[in-house]
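Enquirer: The structure that follows is given in the form of structure tokens.
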Amino acid sequence: MAADIFLYEADLVIVGQDQKQHLELTTTLAQKFNNFYEKKLLKVPQFTIPRFGAKIMGLKNPQKKMSKSENDYISLLDKPEVITKKIKEAETDSENKIYYDLEKKPGISNLLTIYALLNNQEIKEAETDLQNLNYHQFKLKIIDLLNEKLGVIQEGYHYYLSKIEKMGGTFYPCDYTINSKPIKRLIISNHYKKKHAKYMNDKLIIKFIEDYLDGQSFYEGEKDEE
């Protein structure tokens with residue numbers, strides 16, 4: 001998570017409640033890295049945990065958070081038929097009334113949260129919209145909404161995947177970020193200054209670094225030296 005944040009130089013990172021420790025680790029890593037090299041190379045973004053929807057529970061077991069390890073989750077790349085199956089099998093209750101109550105109706109409350117988030121609504125607004133529906137009708141609306149929203153993401157995913165395949169199937173995000181070359185340059189420079197200070201001047205080191213960043217390797221032969 002920290003690597004992705006640094007790689008793309010995010011300004012704002014929105015996460016769930018269970019990611020708080022990762023945020024603290026990311027901040028610590030950036031501060032230590034910047035202090036070590038005496039430069040602000042890694043950006044520390046603003047972090048925020050949403051007031052509503054910070055923790056989405058499982059569909060089959062709404063008492064636990066949504067979990068990939070327990071096969072109780074929604075994937076961004078789930079096909080429509082998979083979404084349909086998962087939502088239809090989601091736990092509800094016997095009351096057949098749609099309103100938010102975590103203690104009495106954990107399953108419906110979780111589905112209502114998902115629906116409200118996807119529809120950019122507050123819970124009360126979603127309750128009003130859905131008050132005349134039964135559970136079957138409610139699930140069908142969630143299925144349509146999920147497939148609509150995920151369809152946009154999947155379209156973009158497959159578009160860029162096809163572009164990567166045209167490039168030979170290899171894509172290195174770090175080659176396309178603004179911040180990667182200065183960081184590489186500084187790290188490699190420090191490495192070579194320490195290892196070859198007796199034999200190389202700064203201009204030669206910089207030349208080697210520029211060659212490396214242009215795709216030429218100058219590490220050949222180092223293993224033999226060690």
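We name chains A, B, ... following the order of the structure tokens; residues begin at 1 in each chain, and ligands are numbered from 1 as shown.
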Identify, on the basis of only C-alpha atoms, every residue whose closest approach to stretch 29-46 of chain A does not exceed 7 Å; exclude the query and any residue fewer than 6 positions from it along the same chain; express the result as a PyMOL selection string.
Expert: chain A and resi 6+9-13+183
Enquirer: Excluding A:Lys88 and residues on its chain fewer than 4 positions from it, collect all residues at most 8 Å away from it, counting only C-alpha atoms, and give them as a list in words.
Expert: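 Counting only C-alpha atoms, the residues come to Thr84, His136 and Lys139 of chain A.
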Enquirer: Can you pull out the residues contacting A:Ile123? Cut-off 12 Å, using only C-alpha atoms, and skip same-chain residues under 3 positions away; I want them as a list in words.
Expert: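 Final neighbour list, sorted by chain and number: Phe52, Gly53, Ile98, Tyr99, Tyr100, Asp101, Ile108, Ser109, Asn110, Leu111, Leu112, Thr113, Ile114, Tyr115, Ala116, Leu117, Leu118, Asn119, Asn120, Ala126, Glu127, Thr128, Asp129, Leu130 and Gln131 of chain A.
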Enquirer: Please compute the atom CA of A:Val15-atom CA of A:Ala2 distance, one decimal, in Å.
Expert: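 Straight-line distance from atom CA of A:Val15 to atom CA of A:Ala2 works out to 12.4 Å.
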Enquirer: Tell me, as a list in words, which residues lie within 7 Å of stretch 141-156 of chain A, counting only C-alpha atoms; anything in the same chain fewer than 6 positions away does not count.
Expert: Leu76, Leu77, Pro80, Ile83, Thr84, Ile87 and Tyr115 of chain A
Enquirer: For A:Gly58, find every residue with an atom within 9 Å (counting only C-alpha atoms), except residues of its own chain fewer than 4 positions away, and show them as number ranges by chain.
Expert: A: 62-67, 72-74, 90, 107, 110
Enquirer: For a test of reading the model, state the distance in Å between atom CA of A:Lys55 and atom CA of A:Asp78, rounded to one decimal.
Expert: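 Atom CA of A:Lys55 sits 20.0 Å away from atom CA of A:Asp78.
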Enquirer: Determine, counting only C-alpha atoms, which protein, DNA and RNA residues have an atom within 9 Å of an atom of A:Asn96; residues of the same chain fewer than 5 positions away are not included. Present the result as a VMD selection string.
Expert: chain A and resid 133 to 136
Enquirer: Any idea what the distance is between atom CA of A:Glu91 and atom CA of A:Asn61?
Expert: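 Taking atom CA of A:Glu91 and atom CA of A:Asn61, their separation equals 6.9 Å.
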Enquirer: Where does DSSP see alpha helix (DSSP H) in stretch 68-150 of chain A, if you list the residues as a PyMOL selection string?
Expert: chain A and resi 80-88+106-118+123-130+135-150
Enquirer: Determine which residues of stretch 5-206 of chain A DSSP labels as strand (DSSP E) from the backbone of this structure, then write them out as an NGL selection string.
Expert: :A and (12-14 or 46-48)
Enquirer: With C-alpha atoms kept, could you save the residues just selected as a PDB file, in the first residue's frame?
Expert:
ATOM      1  CA  LEU A  12      -5.404  12.332  -0.936  1.00  0.00           C
ATOM      2  CA  VAL A  13      -5.856   8.714   0.145  1.00  0.00           C
ATOM      3  CA  ILE A  14      -9.310   7.549   1.267  1.00  0.00           C
ATOM      4  CA  GLN A  46      -3.511  13.667   3.297  1.00  0.00           C
ATOM      5  CA  PHE A  47      -5.315  10.635   4.676  1.00  0.00           C
ATOM      6  CA  THR A  48      -9.014  10.428   5.442  1.00  0.00           C
TER       7      THR A  48
END
